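Data file: entry-v9.txt. Format and content: compact mmCIF, C-alpha atoms.
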# COMPACT_ATOMS: atom_id res chain seq x y z
CA MET A 29 -37.82 39.99 54.27
CA PRO A 30 -35.22 41.50 51.86
CA TYR A 31 -35.67 40.88 48.13
CA TYR A 32 -32.39 38.92 48.06
CA ASP A 33 -33.70 36.40 50.61
CA LEU A 34 -37.01 36.07 48.78
CA VAL A 35 -35.21 35.21 45.55
CA MET A 36 -32.89 32.74 47.26
CA GLY A 37 -35.82 31.11 49.02
CA LYS A 38 -37.76 30.82 45.77
CA ILE A 39 -35.00 29.49 43.56
CA LEU A 40 -32.86 27.30 45.77
CA PRO A 41 -34.85 25.35 48.41
CA THR A 42 -34.60 21.97 46.66
CA LEU A 43 -31.10 22.32 45.25
CA LEU A 44 -27.94 20.87 46.76
CA PHE A 45 -24.70 22.83 46.84
CA VAL A 46 -21.52 21.44 45.30
CA GLU A 47 -18.04 22.63 44.43
CA GLN A 48 -17.46 25.53 42.07
CA MET A 49 -16.45 25.05 38.42
CA THR A 50 -14.45 27.64 36.52
CA TYR A 51 -13.85 27.78 32.79
CA LYS A 52 -12.36 30.39 30.51
CA THR A 53 -15.19 32.30 28.87
CA ASP A 54 -13.30 35.38 27.68
CA GLY A 55 -12.57 34.12 24.17
CA SER A 56 -8.87 33.44 24.80
CA VAL A 57 -9.23 29.73 24.05
CA HIS A 58 -10.87 30.52 20.70
CA HIS A 59 -8.20 33.01 19.64
CA GLY A 60 -5.42 30.60 20.64
CA GLY A 61 -7.09 27.90 18.56
CA VAL A 62 -7.28 30.11 15.48
CA LYS A 63 -3.56 30.90 15.75
CA ASN A 64 -2.77 27.18 16.02
CA GLU A 65 -4.91 26.38 12.97
CA ASP A 66 -3.06 28.95 10.88
CA GLN A 67 0.32 27.60 11.95
CA THR A 68 -0.70 23.98 11.37
CA ILE A 69 -2.10 24.71 7.90
CA ARG A 70 1.16 26.41 6.98
CA ILE A 71 3.17 23.37 8.14
CA LEU A 72 0.88 20.92 6.30
CA ASN A 73 1.46 22.82 3.07
CA GLU A 74 5.19 23.23 3.59
CA LYS A 75 5.59 19.51 4.23
CA GLN A 76 3.20 18.70 1.35
CA ILE A 77 1.40 16.15 3.50
CA TYR A 78 -1.65 16.34 1.25
CA SER A 79 -1.58 16.31 -2.54
CA ASN A 80 -4.00 19.26 -2.57
CA THR A 81 -3.28 22.63 -0.99
CA VAL A 82 -4.69 22.83 2.53
CA GLU A 83 -7.10 25.75 2.86
CA LYS A 84 -8.59 27.23 6.00
CA ARG A 85 -12.28 26.80 6.79
CA GLY A 86 -14.04 27.06 10.15
CA GLY A 87 -16.82 29.26 11.47
CA THR A 88 -20.21 28.48 12.97
CA LYS A 89 -21.65 26.68 9.93
CA VAL A 90 -18.93 24.08 9.26
CA LYS A 91 -17.19 21.54 11.50
CA GLU A 92 -13.92 21.30 9.60
CA ASP A 93 -11.02 23.63 10.39
CA ALA A 94 -9.45 23.12 6.96
CA VAL A 95 -9.80 21.17 3.73
CA ALA A 96 -7.38 19.60 1.25
CA GLY A 97 -9.44 19.07 -1.86
CA ASP A 98 -12.37 16.91 -0.73
CA LYS A 99 -10.67 15.88 2.50
CA LYS A 100 -11.95 17.64 5.64
CA ILE A 101 -9.47 18.27 8.42
CA SER A 102 -9.91 18.86 12.16
CA ILE A 103 -6.93 20.52 13.84
CA LYS A 104 -5.96 20.05 17.50
CA ARG A 105 -3.11 21.61 19.46
CA LYS A 106 -1.14 19.86 22.20
CA GLU A 107 1.86 20.82 24.31
CA GLY A 108 3.06 17.24 24.66
CA ILE A 109 0.87 14.31 23.62
CA ALA A 110 1.22 12.68 27.04
CA ASN A 111 -0.52 15.63 28.68
CA GLY A 112 -4.03 17.01 28.72
CA SER A 113 -6.90 16.38 26.35
CA PHE A 114 -8.89 17.82 23.45
CA ASP A 115 -12.58 18.08 22.55
CA TRP A 116 -14.38 16.16 19.83
CA PHE A 117 -17.43 18.37 20.23
CA ASN A 118 -18.88 20.96 22.60
CA THR A 119 -22.47 21.60 21.57
CA SER A 120 -26.13 21.85 22.52
CA ALA A 121 -27.09 19.82 19.41
CA TYR A 122 -27.60 16.62 21.42
CA ASN A 123 -29.45 18.12 24.40
CA ASP A 124 -32.61 16.20 23.49
CA VAL A 125 -31.22 13.30 25.56
CA LEU A 126 -31.32 15.53 28.67
CA ASN A 127 -35.12 15.78 28.48
CA ASP A 128 -36.48 18.50 30.82
CA THR A 129 -33.72 18.36 33.43
CA PHE A 130 -32.74 22.02 32.93
CA LYS A 131 -36.21 23.36 32.02
CA HIS A 132 -36.95 25.08 35.33
CA PHE A 133 -33.38 26.27 35.80
CA LEU A 134 -33.37 28.01 32.41
CA SER A 135 -36.79 29.52 33.11
CA ASN A 136 -35.50 30.86 36.43
CA MET A 137 -32.48 32.37 34.72
CA LYS A 138 -34.78 34.51 32.56
CA GLU A 139 -36.44 35.83 35.71
CA LEU A 140 -33.18 36.40 37.56
CA ARG A 141 -31.76 38.44 34.68
CA GLN A 142 -34.41 41.04 35.57
CA MET A 143 -33.03 41.48 39.10
CA PRO A 144 -30.96 44.56 40.00
CA GLN A 145 -27.35 44.06 38.95
CA SER A 146 -26.11 44.52 42.52
CA LEU A 147 -28.05 41.40 43.55
CA ARG A 148 -27.32 39.11 40.60
CA THR A 149 -23.58 39.89 40.80
CA ASP A 150 -23.41 39.17 44.53
CA LYS A 151 -20.66 36.55 45.02
CA GLU A 152 -22.67 34.33 47.36
CA PHE A 153 -25.68 34.47 45.07
CA VAL A 154 -23.64 33.56 41.96
CA LEU A 155 -21.95 30.71 43.85
CA LYS A 156 -25.29 29.21 44.88
CA ILE A 157 -26.68 29.46 41.35
CA ARG A 158 -23.52 27.79 40.07
CA ASP A 159 -23.88 25.06 42.67
CA SER A 160 -27.47 24.39 41.64
CA PHE A 161 -26.43 24.16 37.99
CA ASN A 162 -23.65 21.72 38.86
CA GLN A 163 -26.16 19.54 40.68
CA LEU A 164 -28.33 19.38 37.57
CA CYS A 165 -25.28 18.45 35.47
CA GLU A 166 -24.58 15.57 37.85
CA LEU A 167 -28.21 14.46 37.70
CA SER A 168 -28.10 14.51 33.89
CA LEU A 169 -25.01 12.33 33.73
CA ASP A 170 -26.38 9.86 36.26
CA SER A 171 -29.59 9.59 34.22
CA LEU A 172 -27.98 8.81 30.86
CA THR A 173 -28.50 5.28 29.59
CA SER A 174 -26.06 3.28 27.47
CA THR A 175 -28.39 3.67 24.49
CA GLN A 176 -28.48 7.46 24.89
CA VAL A 177 -24.69 7.76 25.16
CA ILE A 178 -24.19 5.58 22.09
CA ASP A 179 -26.71 7.76 20.22
CA ILE A 180 -24.66 10.85 21.16
CA LEU A 181 -21.46 9.13 19.98
CA ARG A 182 -23.05 8.03 16.71
CA ARG A 183 -24.20 11.55 15.92
CA GLY A 184 -21.30 13.55 17.33
CA LEU A 185 -18.28 11.34 16.77
CA ILE A 186 -19.07 8.88 13.98
CA GLU A 187 -21.51 10.60 11.62
CA SER A 188 -20.05 14.08 12.04
CA THR A 189 -16.39 13.11 11.53
CA SER A 190 -16.46 9.89 9.47
CA ASP A 191 -14.79 11.60 6.48
CA PHE A 192 -12.35 13.70 8.54
CA ASP A 193 -8.64 13.52 9.10
CA VAL A 194 -7.50 14.68 12.53
CA VAL A 195 -4.22 16.59 12.71
CA ILE A 196 -2.65 17.02 16.15
CA ASN A 197 0.09 19.61 16.39
CA ASP A 198 2.45 18.85 19.28
CA THR A 199 4.07 22.24 19.79
CA LYS A 200 6.36 20.87 22.51
CA THR A 201 8.16 18.44 20.19
CA SER A 202 7.43 20.11 16.83
CA GLU A 203 5.59 17.08 15.51
CA LEU A 204 2.35 16.62 13.59
CA TYR A 205 0.24 13.48 13.96
CA VAL A 206 -2.33 12.66 11.27
CA PHE A 207 -5.00 9.96 11.45
CA SER A 208 -8.47 9.21 10.14
CA ALA A 209 -11.26 9.89 12.63
CA ALA A 210 -12.92 6.69 11.37
CA ASN A 211 -10.04 4.76 13.00
CA HIS A 212 -11.10 5.80 16.52
CA PRO A 213 -11.55 2.61 18.59
CA ALA A 214 -15.01 3.78 19.68
CA VAL A 215 -16.24 3.38 16.11
CA ASP A 216 -15.33 -0.31 16.12
CA TYR A 217 -16.77 -0.87 19.60
CA ILE A 218 -20.11 0.70 18.66
CA ASN A 219 -20.29 -1.22 15.38
CA LYS A 220 -19.72 -4.45 17.36
CA GLY A 221 -22.67 -3.62 19.61
CA TYR A 222 -20.75 -2.99 22.82
CA SER A 223 -22.60 -1.18 25.61
CA VAL A 224 -21.38 1.89 27.49
CA VAL A 225 -20.87 2.52 31.20
CA LEU A 226 -20.05 5.88 32.77
CA LYS A 227 -17.78 6.02 35.81
CA GLY A 228 -16.61 8.82 38.08
CA SER A 229 -17.78 11.09 40.87
CA GLY A 230 -17.27 14.50 39.26
CA LYS A 231 -20.24 16.84 39.17
CA SER A 232 -19.98 17.57 35.45
CA SER A 233 -18.03 14.68 33.89
CA ARG A 234 -17.80 10.91 33.65
CA MET A 235 -15.24 8.58 32.10
CA LEU A 236 -16.77 6.55 29.29
CA TYR A 237 -16.01 2.84 28.95
CA PHE A 238 -17.19 0.19 26.48
CA VAL A 239 -18.21 -3.30 27.61
CA ASN A 240 -18.68 -6.37 25.41
CA SER A 241 -21.08 -9.26 26.02
CA ALA A 242 -18.42 -11.15 27.99
CA GLY A 243 -18.00 -8.23 30.40
CA THR A 244 -14.59 -7.12 29.12
CA VAL A 245 -14.09 -3.38 29.61
CA TYR A 246 -12.38 -1.18 26.99
CA ASP A 247 -11.02 2.30 27.71
CA CYS A 248 -10.27 4.51 24.72
CA GLY A 249 -9.84 7.70 26.75
CA LEU A 250 -13.25 9.27 26.22
CA ARG A 251 -14.89 11.51 28.80
CA ILE A 252 -18.40 12.98 28.54
CA ARG A 253 -19.37 16.27 30.18
CA VAL A 254 -22.59 18.16 30.73
CA THR A 255 -21.78 21.80 31.41
CA SER A 256 -22.36 25.35 30.13
CA ASN A 257 -20.59 26.99 27.23
CA ASN A 258 -20.18 30.47 28.72
CA GLY A 259 -20.59 30.04 32.46
CA ILE A 260 -23.09 31.10 35.13
CA ASN A 261 -22.42 34.83 34.92
CA ALA A 262 -23.48 34.76 31.27
CA PHE A 263 -26.68 32.94 32.28
CA LEU A 264 -27.36 35.76 34.74
CA GLY A 265 -26.54 38.53 32.28
CA ASN A 266 -23.41 39.57 34.21
CA SER A 267 -20.82 38.80 31.54
CA LYS A 268 -19.45 41.52 29.27
CA ALA A 269 -17.92 38.96 26.90
CA ASN A 270 -21.02 36.79 26.42
CA LYS A 271 -24.65 37.87 26.34
CA ASN A 272 -25.97 34.48 27.42
CA SER A 273 -25.03 30.88 28.09
CA GLN A 274 -26.49 27.49 27.25
CA VAL A 275 -26.28 23.90 28.40
CA VAL A 276 -23.87 21.82 26.29
CA ILE A 277 -22.70 18.24 26.03
CA LYS A 278 -18.97 17.88 25.55
CA LEU A 279 -17.01 14.83 24.41
CA GLN A 280 -13.41 15.02 25.57
CA GLN A 281 -10.46 12.91 24.48
CA ASP A 282 -8.05 11.98 27.25
CA LYS A 283 -5.07 9.61 26.81
CA VAL A 284 -4.08 11.21 23.51
CA LYS A 285 -0.83 9.27 23.23
CA GLN A 286 -2.75 6.00 23.50
CA LEU A 287 -5.23 7.20 20.88
CA LEU A 288 -2.46 8.02 18.40
CA SER A 289 -1.12 4.51 18.75
CA SER A 290 -4.50 2.82 18.34
CA THR A 291 -5.47 4.85 15.25
CA ASN A 292 -2.29 4.11 13.28
CA SER A 293 -1.42 7.80 13.13
CA VAL A 294 1.43 9.03 10.95
CA ARG A 295 3.99 11.36 12.52
CA TYR A 296 5.70 14.24 10.71
CA ASP A 297 8.56 16.28 12.18
CA TYR A 298 8.76 20.00 11.43
Using structure tokens, write down the structure that the file contains.
Amino acid sequence: MPYYDLVMGKILPTLLFVEQMTYKTDGSVHHGGVKNEDQTIRILNEKQIYSNTVEKRGGTKVKEDAVAGDKKISIKRKEGIANGSFDWFNTSAYNDVLNDTFKHFLSNMKELRQMPQSLRTDKEFVLKIRDSFNQLCELSLDSLTSTQVIDILRRGLIESTSDFDVVINDTKTSELYVFSAANHPAVDYINKGYSVVLKGSGKSSRMLYFVNSAGTVYDCGLRIRVTSNNGINAFLGNSKANKNSQVVIKLQQDKVKQLLSSTNSVRYDY
């Protein structure tokens, strides 16, 4: 039996195959974000929105993109606030809630990286590895409890951004929107003791809803994802841009226009 078939038989017999996910992993999103941050900082200073000069921060050791005195600022870019979404976080810092779901997959990736490049870059092989990863992402989301999701939100949304302002730059209309992250409706829902339910059939994402004791459902546009930061080819050692990949939990903000209304954001034209 060829080596390829032996590997496929060893790695994939218990894994189901699902649709392919594709994400940009070439760094273009990062570079576009840096350009937006520079532009937004310039506009904030020109408009004198803060009493202190806004200065650029960022990097791997800090969460804020900029500061104005003691005020930390997170900068987001939108091409129309009625379209698309943005991320609150995209990190492996909260992977403890996933337990050992990915343990064997990650161990297998270390072994597969030792295969000849011609085999680990085979399109069918990469597709099946991607499918198996997607199945584990789905399993992780289906296994999350309300308590675990609220713990993620407390750590990643409330505690990490409680003293932040969020600045959204709508490049389509040349408008800035500024609001305090502490005004996010999810903060109030969690403080009131609401539970969380996840809905959706996607392999790597679920819509996140809050439910009070009376059964009333609240939607503040949050979506939670379990995915990889650099893609399957980086896991396999095939990527030139990224030496490796890791499992991450992502909190995504949909319905941005609704969020801006519910957080009492202030709009500035430029």
Restrict the calculation to all atoms listed in the file, then for each residue of segment 93-115 of chain A with any atom at most 12 Å from an atom of segment 237-260 of chain A give the closest atom pair and their distance in Å to one decimal, rows by chain and rising residue number, as a Markdown table.
| residue | atom | partner | partner_atom | distance |
| --- | --- | --- | --- | --- |
| A:Gly112 | CA | A:Gly249 | CA | 11.1 |
| A:Ser113 | CA | A:Gly249 | CA | 9.2 |
| A:Phe114 | CA | A:Leu250 | CA | 10.0 |
| A:Asp115 | CA | A:Arg251 | CA | 9.4 |
Find the residues around segment 204-206 of chain A up to 8 Å (only C-alpha atoms counted), leave out those fewer than 4 positions away in its own chain, and share them as a VMD selection string. chain A and resid 193 to 198 288 293 to 298
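Note that the spacing between atom CA of Ser120 of chain A and atom CA of Thr175 of chain A amounts to 18.4 Å.
The two atoms in question, atom CA of Ser267 of chain A and atom CA of Ser160 of chain A, are spaced 18.8 Å apart.
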For atom CA of Arg234 of chain A and atom CA of Leu287 of chain A, the interatomic separation in Å (one decimal): 18.3 Å
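Among the candidate residues A:Val90, A:Ile101, A:Val284, A:Val225, the one lying nearest to Leu169 of chain A is A:Val225, with distances computed using all atoms listed in the file.
Near Trp116 of chain A, within 8 Å and counting all atoms listed in the file, sit Phe114, Asn118, Gly184, Leu185, Lys278, Leu279, Gln280 and Gln281 of chain A, not including residues fewer than 2 positions from it in the same chain.
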Could I get segment 236-250 of chain A rebuilt with N, CA and C atoms, written as a PDB file, in the frame of the given file?
ATOM      1  N   LEU A 236     -15.897   7.352  30.123  1.00  0.00           N
ATOM      2  CA  LEU A 236     -16.770   6.550  29.290  1.00  0.00           C
ATOM      3  C   LEU A 236     -16.032   5.267  28.897  1.00  0.00           C
ATOM      4  N   TYR A 237     -16.621   4.130  29.251  1.00  0.00           N
ATOM      5  CA  TYR A 237     -16.010   2.840  28.950  1.00  0.00           C
ATOM      6  C   TYR A 237     -16.973   1.991  28.117  1.00  0.00           C
ATOM      7  N   PHE A 238     -16.401   1.129  27.275  1.00  0.00           N
ATOM      8  CA  PHE A 238     -17.190   0.190  26.480  1.00  0.00           C
ATOM      9  C   PHE A 238     -17.081  -1.204  27.104  1.00  0.00           C
ATOM     10  N   VAL A 239     -18.175  -1.958  27.027  1.00  0.00           N
ATOM     11  CA  VAL A 239     -18.210  -3.300  27.610  1.00  0.00           C
ATOM     12  C   VAL A 239     -18.820  -4.261  26.602  1.00  0.00           C
ATOM     13  N   ASN A 240     -18.131  -5.388  26.339  1.00  0.00           N
ATOM     14  CA  ASN A 240     -18.680  -6.370  25.410  1.00  0.00           C
ATOM     15  C   ASN A 240     -19.564  -7.366  26.151  1.00  0.00           C
ATOM     16  N   SER A 241     -20.119  -8.329  25.432  1.00  0.00           N
ATOM     17  CA  SER A 241     -21.080  -9.260  26.020  1.00  0.00           C
ATOM     18  C   SER A 241     -20.438 -10.169  27.070  1.00  0.00           C
ATOM     19  N   ALA A 242     -19.123 -10.316  27.009  1.00  0.00           N
ATOM     20  CA  ALA A 242     -18.420 -11.150  27.990  1.00  0.00           C
ATOM     21  C   ALA A 242     -18.039 -10.368  29.242  1.00  0.00           C
ATOM     22  N   GLY A 243     -18.312  -9.053  29.242  1.00  0.00           N
ATOM     23  CA  GLY A 243     -18.000  -8.230  30.400  1.00  0.00           C
ATOM     24  C   GLY A 243     -16.623  -7.587  30.362  1.00  0.00           C
ATOM     25  N   THR A 244     -15.911  -7.747  29.257  1.00  0.00           N
ATOM     26  CA  THR A 244     -14.590  -7.120  29.120  1.00  0.00           C
ATOM     27  C   THR A 244     -14.753  -5.627  28.910  1.00  0.00           C
ATOM     28  N   VAL A 245     -13.981  -4.833  29.648  1.00  0.00           N
ATOM     29  CA  VAL A 245     -14.090  -3.380  29.610  1.00  0.00           C
ATOM     30  C   VAL A 245     -12.974  -2.792  28.746  1.00  0.00           C
ATOM     31  N   TYR A 246     -13.334  -1.838  27.889  1.00  0.00           N
ATOM     32  CA  TYR A 246     -12.380  -1.180  26.990  1.00  0.00           C
ATOM     33  C   TYR A 246     -12.377   0.321  27.267  1.00  0.00           C
ATOM     34  N   ASP A 247     -11.192   0.867  27.430  1.00  0.00           N
ATOM     35  CA  ASP A 247     -11.020   2.300  27.710  1.00  0.00           C
ATOM     36  C   ASP A 247     -10.265   2.938  26.553  1.00  0.00           C
ATOM     37  N   CYS A 248     -10.950   3.806  25.812  1.00  0.00           N
ATOM     38  CA  CYS A 248     -10.270   4.510  24.720  1.00  0.00           C
ATOM     39  C   CYS A 248     -10.130   6.001  25.027  1.00  0.00           C
ATOM     40  N   GLY A 249     -10.166   6.339  26.322  1.00  0.00           N
ATOM     41  CA  GLY A 249      -9.840   7.700  26.750  1.00  0.00           C
ATOM     42  C   GLY A 249     -10.923   8.729  26.566  1.00  0.00           C
ATOM     43  N   LEU A 250     -12.166   8.308  26.422  1.00  0.00           N
ATOM     44  CA  LEU A 250     -13.250   9.270  26.220  1.00  0.00           C
ATOM     45  C   LEU A 250     -13.872   9.691  27.547  1.00  0.00           C
TER      46      LEU A 250
END
